[in-house]
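Novice: So here's target21.txt, just compact mmCIF, C-alpha atoms and all ligand atoms:
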```txt
# COMPACT_ATOMS: atom_id res chain seq x y z
CA MET A 26 27.51 48.41 62.01
CA SER A 27 25.27 51.36 61.01
CA ASP A 28 23.94 51.74 57.44
CA ILE A 29 26.29 54.63 56.73
CA GLN A 30 29.33 52.72 58.01
CA THR A 31 28.36 49.76 55.80
CA GLN A 32 28.03 52.11 52.85
CA ILE A 33 31.43 53.67 53.58
CA THR A 34 33.03 50.21 53.80
CA ASP A 35 31.50 49.34 50.39
CA TRP A 36 32.82 52.61 48.91
CA LEU A 37 36.29 51.97 50.34
CA ASN A 38 36.31 48.56 48.66
CA GLU A 39 35.03 50.05 45.40
CA PHE A 40 37.22 53.18 45.29
CA GLY A 41 40.32 52.06 47.21
CA GLY A 42 42.35 51.64 44.02
CA GLU A 43 40.80 54.50 42.04
CA GLY A 44 42.32 57.89 41.30
CA PRO A 45 40.99 61.14 42.81
CA GLU A 46 39.21 62.12 39.57
CA THR A 47 37.00 59.01 39.65
CA ILE A 48 36.08 59.67 43.27
CA LEU A 49 35.30 63.36 42.64
CA SER A 50 33.17 62.50 39.64
CA TYR A 51 31.19 59.83 41.52
CA PHE A 52 30.35 62.04 44.51
CA PHE A 53 29.59 65.19 42.49
CA GLU A 54 27.26 63.13 40.30
CA LYS A 55 25.58 61.28 43.15
CA TYR A 56 25.18 64.18 45.59
CA GLY A 57 24.99 67.25 43.31
CA ASN A 58 24.64 70.44 45.37
CA ARG A 59 24.83 68.43 48.59
CA ALA A 60 28.54 67.76 47.92
CA ALA A 61 31.29 70.38 47.85
CA LEU A 62 35.03 70.68 47.62
CA ALA A 63 36.61 72.61 50.50
CA THR A 64 39.75 74.55 49.63
CA GLY A 65 42.13 76.79 51.53
CA LEU A 66 43.88 77.58 48.22
CA GLY A 67 46.87 75.44 49.26
CA ALA A 68 48.71 73.11 46.88
CA GLU A 69 46.38 70.15 47.53
CA GLY A 70 43.26 72.31 47.18
CA GLN A 71 44.56 73.61 43.87
CA VAL A 72 45.19 70.05 42.60
CA LEU A 73 41.64 69.01 43.48
CA THR A 74 40.21 72.20 41.95
CA ASP A 75 42.05 71.48 38.71
CA MET A 76 40.85 67.86 38.70
CA ALA A 77 37.26 68.89 39.42
CA ALA A 78 37.26 71.56 36.71
CA ARG A 79 38.55 69.05 34.14
CA LEU A 80 35.54 66.80 34.77
CA ASN A 81 33.34 69.30 32.91
CA MET A 82 30.49 68.87 35.32
CA PRO A 83 28.96 71.34 37.78
CA PHE A 84 30.43 71.22 41.27
CA ARG A 85 30.42 73.32 44.43
CA ILE A 86 33.67 74.63 45.85
CA PHE A 87 34.04 76.81 48.92
CA THR A 88 36.60 78.52 51.10
CA ILE A 89 36.56 80.42 54.39
CA ASP A 90 37.89 83.95 54.53
CA THR A 91 38.95 84.46 58.14
CA GLY A 92 39.85 88.09 57.49
CA ARG A 93 43.51 87.35 58.31
CA LEU A 94 44.67 85.70 55.07
CA TYR A 95 47.76 86.61 53.07
CA PRO A 96 47.27 89.05 50.15
CA GLU A 97 48.77 86.32 47.92
CA THR A 98 45.87 84.03 48.83
CA TYR A 99 43.26 86.56 47.66
CA LYS A 100 45.16 87.02 44.40
CA LEU A 101 45.28 83.26 43.89
CA MET A 102 41.55 82.96 44.58
CA ASP A 103 40.84 85.50 41.85
CA ARG A 104 43.29 83.84 39.46
CA THR A 105 41.80 80.40 40.12
CA ASN A 106 38.26 81.61 39.48
CA ARG A 107 39.31 83.13 36.17
CA ARG A 108 41.49 80.22 35.10
CA TYR A 109 38.73 77.62 35.60
CA ASN A 110 35.73 79.86 35.02
CA ILE A 111 34.36 79.01 38.46
CA CYS A 112 33.19 81.06 41.42
CA ILE A 113 34.59 79.78 44.69
CA GLU A 114 31.95 80.32 47.40
CA VAL A 115 33.50 82.47 50.12
CA TYR A 116 32.20 82.27 53.68
CA PHE A 117 32.97 84.93 56.26
CA PRO A 118 32.86 84.76 60.05
CA ASN A 119 29.97 86.15 62.03
CA HIS A 120 30.99 89.72 62.86
CA LEU A 121 29.66 89.50 66.45
CA SER A 122 31.79 86.41 67.15
CA VAL A 123 34.94 88.13 65.89
CA GLU A 124 34.15 91.38 67.70
CA ASN A 125 33.62 89.49 70.96
CA TYR A 126 36.82 87.54 70.50
CA VAL A 127 38.87 90.68 69.90
CA LYS A 128 37.20 92.49 72.81
CA ASN A 129 38.03 89.65 75.21
CA ASN A 130 41.41 88.53 73.87
CA GLY A 131 42.90 91.34 71.81
CA ILE A 132 43.46 91.45 68.06
CA ASN A 133 46.36 88.94 68.27
CA GLY A 134 45.22 87.07 71.40
CA PHE A 135 45.90 83.72 69.70
CA TYR A 136 49.60 83.98 70.66
CA ASN A 137 48.77 83.91 74.37
CA SER A 138 47.60 80.31 74.83
CA VAL A 139 46.24 77.25 73.00
CA GLU A 140 42.79 78.09 74.38
CA GLN A 141 42.89 81.64 73.03
CA ARG A 142 44.17 80.38 69.69
CA LYS A 143 41.39 77.80 69.46
CA ALA A 144 38.83 80.44 70.38
CA CYS A 145 40.04 82.58 67.48
CA CYS A 146 39.87 79.62 65.07
CA LYS A 147 36.37 78.92 66.34
CA ALA A 148 35.20 82.48 65.79
CA ARG A 149 36.91 82.97 62.45
CA LYS A 150 36.78 79.47 60.93
CA THR A 151 34.79 76.70 62.54
CA GLU A 152 31.53 78.62 62.97
CA SER A 153 31.64 79.49 59.26
CA LEU A 154 32.40 75.90 58.40
CA GLN A 155 29.44 74.71 60.43
CA ARG A 156 27.21 77.06 58.43
CA ILE A 157 28.44 75.64 55.11
CA LEU A 158 28.40 72.02 56.20
CA SER A 159 24.77 72.33 57.25
CA THR A 160 23.98 72.58 53.51
CA LEU A 161 25.92 69.41 52.63
CA ASP A 162 25.91 65.61 52.91
CA VAL A 163 29.47 65.25 51.63
CA TRP A 164 32.55 67.43 51.95
CA ILE A 165 35.72 66.82 50.03
CA CYS A 166 39.10 67.92 51.40
CA GLY A 167 42.72 67.93 50.29
CA LEU A 168 44.13 66.29 53.43
CA ARG A 169 47.11 63.97 53.13
CA SER A 170 48.02 61.50 55.85
CA GLU A 171 51.72 62.40 55.83
CA GLN A 172 50.95 66.08 56.57
CA SER A 173 50.88 65.67 60.34
CA MET A 174 50.49 63.26 63.22
CA THR A 175 46.91 64.49 63.68
CA ARG A 176 46.05 63.36 60.13
CA SER A 177 47.84 60.01 59.99
CA ASP A 178 44.76 57.90 60.74
CA MET A 179 42.38 59.67 58.36
CA LYS A 180 40.77 57.56 55.60
CA LEU A 181 39.94 58.04 51.95
CA ILE A 182 36.25 58.06 52.86
CA GLU A 183 35.05 58.42 56.42
CA TRP A 184 32.12 59.41 58.57
CA ASP A 185 32.78 62.82 60.07
CA ALA A 186 31.02 62.34 63.37
CA ALA A 187 31.91 65.82 64.63
CA HIS A 188 30.03 67.46 61.75
CA GLY A 189 27.56 64.67 60.90
CA LEU A 190 28.39 64.07 57.23
CA ILE A 191 30.56 62.06 54.88
CA LYS A 192 34.11 63.29 54.41
CA ILE A 193 36.17 62.39 51.35
CA ASN A 194 39.96 62.80 51.26
CA PRO A 195 40.89 61.91 47.63
CA LEU A 196 44.58 62.79 48.14
CA ILE A 197 44.95 61.00 51.45
CA HIS A 198 47.66 58.64 50.17
CA TRP A 199 49.44 61.17 47.94
CA THR A 200 52.94 62.32 48.72
CA GLU A 201 54.09 65.93 48.59
CA LYS A 202 56.13 64.99 45.49
CA GLN A 203 53.01 63.73 43.69
CA VAL A 204 51.17 66.96 44.49
CA TRP A 205 53.93 69.13 43.03
CA GLU A 206 54.38 66.90 40.00
CA TYR A 207 50.69 67.26 39.24
CA ILE A 208 50.93 71.05 39.64
CA ARG A 209 53.91 71.28 37.31
CA VAL A 210 52.61 68.91 34.62
CA ASN A 211 49.22 70.61 34.51
CA SER A 212 50.41 74.21 35.06
CA VAL A 213 48.07 74.57 38.02
CA PRO A 214 48.10 78.08 39.54
CA TYR A 215 49.55 78.07 43.05
CA ASN A 216 50.39 80.45 45.85
CA PRO A 217 53.85 82.06 45.30
CA LEU A 218 54.49 81.77 49.05
CA HIS A 219 55.14 78.05 48.45
CA ASP A 220 58.31 79.10 46.59
CA LYS A 221 59.38 81.09 49.66
CA GLY A 222 59.39 78.13 52.07
CA PHE A 223 55.71 77.92 53.01
CA PRO A 224 54.50 74.29 52.69
CA SER A 225 51.17 75.18 54.25
CA ILE A 226 49.47 78.58 54.05
CA GLY A 227 46.75 79.69 56.43
CA CYS A 228 46.18 82.94 58.27
CA GLN A 229 49.02 85.46 57.99
CA PRO A 230 49.80 85.78 61.74
CA CYS A 231 49.76 82.00 62.25
CA THR A 232 51.77 80.70 59.26
CA ARG A 233 55.43 81.14 58.48
CA ALA A 234 58.12 79.71 56.21
CA ILE A 235 60.09 76.67 57.35
CA LYS A 236 63.64 75.45 56.72
CA GLU A 237 64.38 72.47 54.51
CA GLY A 238 63.99 69.23 56.47
CA ASP A 239 61.57 70.70 59.04
CA ASP A 240 58.22 69.00 59.60
CA ILE A 241 55.79 70.32 56.98
CA ARG A 242 53.26 71.51 59.57
CA SER A 243 55.91 73.24 61.68
CA GLY A 244 55.19 76.60 60.06
CA ARG A 245 51.66 76.57 61.48
CA TRP A 246 51.13 77.78 65.08
CA TRP A 247 54.85 77.23 65.62
CA TRP A 248 54.59 78.30 69.26
CA GLU A 249 52.41 75.23 70.06
CA SER A 250 53.29 71.52 70.40
CA PRO A 251 52.40 69.25 67.40
CA GLU A 252 49.42 67.46 68.96
CA HIS A 253 47.49 70.75 69.20
CA LYS A 254 47.98 71.75 65.58
CA GLU A 255 44.48 71.53 64.17
CA CYS A 256 42.07 74.43 63.96
CA GLY A 257 38.89 72.47 64.59
CA LEU A 258 38.02 72.04 60.90
CA HIS A 259 39.33 68.49 60.81
CA ARG A 260 38.52 66.91 64.14
CA LYS A 261 36.94 63.47 64.57
S1 LIG B 301 44.77 80.51 62.20
FE1 LIG B 301 45.30 82.18 63.64
S2 LIG B 301 44.31 84.09 62.88
FE2 LIG B 301 43.46 82.30 61.75
S3 LIG B 301 41.60 81.84 62.82
FE3 LIG B 301 43.18 80.50 63.73
S4 LIG B 301 44.12 81.65 65.44
FE4 LIG B 301 42.85 83.08 64.22
```
Just give me the structure of the file as structure tokens.

Specialist:
Amino acid sequence: MSDIQTQITDWLNEFGGEGPETILSYFFEKYGNRAALATGLGAEGQVLTDMAARLNMPFRIFTIDTGRLYPETYKLMDRTNRRYNICIEVYFPNHLSVENYVKNNGINGFYNSVEQRKACCKARKTESLQRILSTLDVWICGLRSEQSMTRSDMKLIEWDAAHGLIKINPLIHWTEKQVWEYIRVNSVPYNPLHDKGFPSIGCQPCTRAIKEGDDIRSGRWWWESPEHKECGLHRK
């Protein structure tokens, strides 16, 4: 077993029964500017932002602006910054990558095929993510295992081989109910689209409301089958 895998096993033993706040505090303290919280301004990201802000310690937090987000998401970003007195780092896609994508596929080419959708996510999201992650040793995400079949085997702490750094998922075992209880009890600001049937909010053309009882990821890339529903940010 490699040194990093041994270290991760030790951390899993140490932090397996701890709450997200303890885990955030440990990694922010240990890694400083080389650790950051990734948020898409969804419910889980807002919970982790609130928890991090309550620690009263400096921490990095970032998001990716694909250029296709909902207006509500920009409003929430502003509100979150003001509420917690933080400045979420915003990363934008490389303009040449987006221009090339649009030239070759059209402005909404992502509806045509899985390949064209993945190419758009690559140009608008994953290249930006790569740029941010190159400044980090640890990234912290709001993934939960019950969110989708592609996330069911993710761990609290894992080695992200695709990006070459440690990935922490402090809410991995949380239920949707726990997330919303935390939001209510702590008056955490959240995207009003959640109240209109959006469990998950990404780019405007690729996210829609779902009906009660539907799978919670079914509003994302609804024209594709479930096993394709990741954008490349969270691959192994
Ligand atoms: S979610 Fe849709 S619009 Fe956003 S980057 Fe991916 S394909 Fe493009």

Novice: Residues near range 227-234 of chain A, anyone? I mean within 9 Å using only C-alpha atoms, not counting same-chain ones fewer than 3 positions away, as a PyMOL selection string.

Specialist: chain A and resi 65-67+91-96+98+133+135-136+218-219+221-224+243-247

Novice: Using all atoms listed in the file, which of the listed residues (A:Phe40, A:Cys145, A:Asn125, A:Ala68) sits closest to Lys202 in chain A?

Specialist: A:Ala68

Novice: Identify, on the basis of all atoms listed in the file, every residue whose closest approach to Lys150 in chain A does not exceed 7 Å; exclude the query and any residue fewer than 4 positions from it along the same chain; express the result as JSON, numbers by chain.

Specialist: {"A": [89, 91, 118, 146, 154]}

Novice: Considering all atoms listed in the file, state which residue in the set A:Met82, A:Ala63, A:Ala186, A:Ile226 is at the smallest distance from ligand LIG 301 (chain B).

Specialist: A:Ile226

Novice: Using only C-alpha atoms and all ligand atoms for the distances, tell me which of A:Ser212, A:Ser153, A:Gln172, A:Gln141 is nearest to ligand LIG 301 (chain B).

Specialist: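 Closest to ligand LIG 301 (chain B), using only C-alpha atoms and all ligand atoms: A:Gln141.
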
Novice: Which residue, A:Leu196, A:Ile132, A:Ile235, A:Ile86, has the smallest gap to ligand LIG 301 (chain B) when you use only C-alpha atoms and all ligand atoms?

Specialist: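 Selected residue with least distance to ligand LIG 301 (chain B): A:Ile132.
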
Novice: Would you mind reading off the distance between CA of Ile111 in chain A and CA of Ala78 in chain A, one decimal, in Å?

Specialist: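 Going from CA of Ile111 in chain A over to CA of Ala78 in chain A covers 8.2 Å.
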
Novice: Using only C-alpha atoms and all ligand atoms, pick whichever of A:Arg59, A:Arg156, A:Lys192, A:Lys147 has the shortest atom-to-atom distance to ligand LIG 301 (chain B).

Specialist: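 When distances to ligand LIG 301 (chain B) are compared using only C-alpha atoms and all ligand atoms, the smallest one comes from A:Lys147.
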
Novice: When you draw a straight line from CA of Lys100 in chain A to CA of Ile197 in chain A, how long is it in Å?

Specialist: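 Taking CA of Lys100 in chain A as the start and CA of Ile197 in chain A as the end point, the length is 27.0 Å.
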
Novice: Looking at A:Val163, A:Ala61, A:Ala148, A:Val115, which one is nearest to ligand LIG 301 (chain B), with distances taken over all atoms listed in the file?

Specialist: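 Of all the options, A:Ala148 lies closest to ligand LIG 301 (chain B).
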
Novice: Calculate how many Å separate CA of Gly57 in chain A from CA of Ala77 in chain A, rounding to one decimal.

Specialist: 13.0 Å

Novice: With only C-alpha atoms as the counted atoms, please give the residues lying no more than 7 Å from Asn194 in chain A, apart from itself and same-chain residues fewer than 6 positions off, as a CSV table (one decimal) with C-alpha atoms, in the frame of the given file.

Specialist:
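Full text of out-v7.csv as output:
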```csv
chain,number,residue,atom,x,y,z
A,165,ILE,CA,35.7,66.8,50.0
A,166,CYS,CA,39.1,67.9,51.4
A,167,GLY,CA,42.7,67.9,50.3
A,168,LEU,CA,44.1,66.3,53.4
A,180,LYS,CA,40.8,57.6,55.6
A,181,LEU,CA,39.9,58.0,52.0
A,182,ILE,CA,36.2,58.1,52.9
```

Novice: Name the residues within 12 Å of (30.4, 88.4, 68.9), counting only C-alpha atoms in the file's coordinates, and put them as a VMD selection string.

Specialist: chain A and resid 118 to 129 144 to 145 147 to 149 152

Novice: Any idea what's packed within 8 Å of Leu80 in chain A, counting only C-alpha atoms, ignoring anything in its chain fewer than 3 positions away? Could you give it as a PyMOL selection string?

Specialist: chain A and resi 46+50+76-77
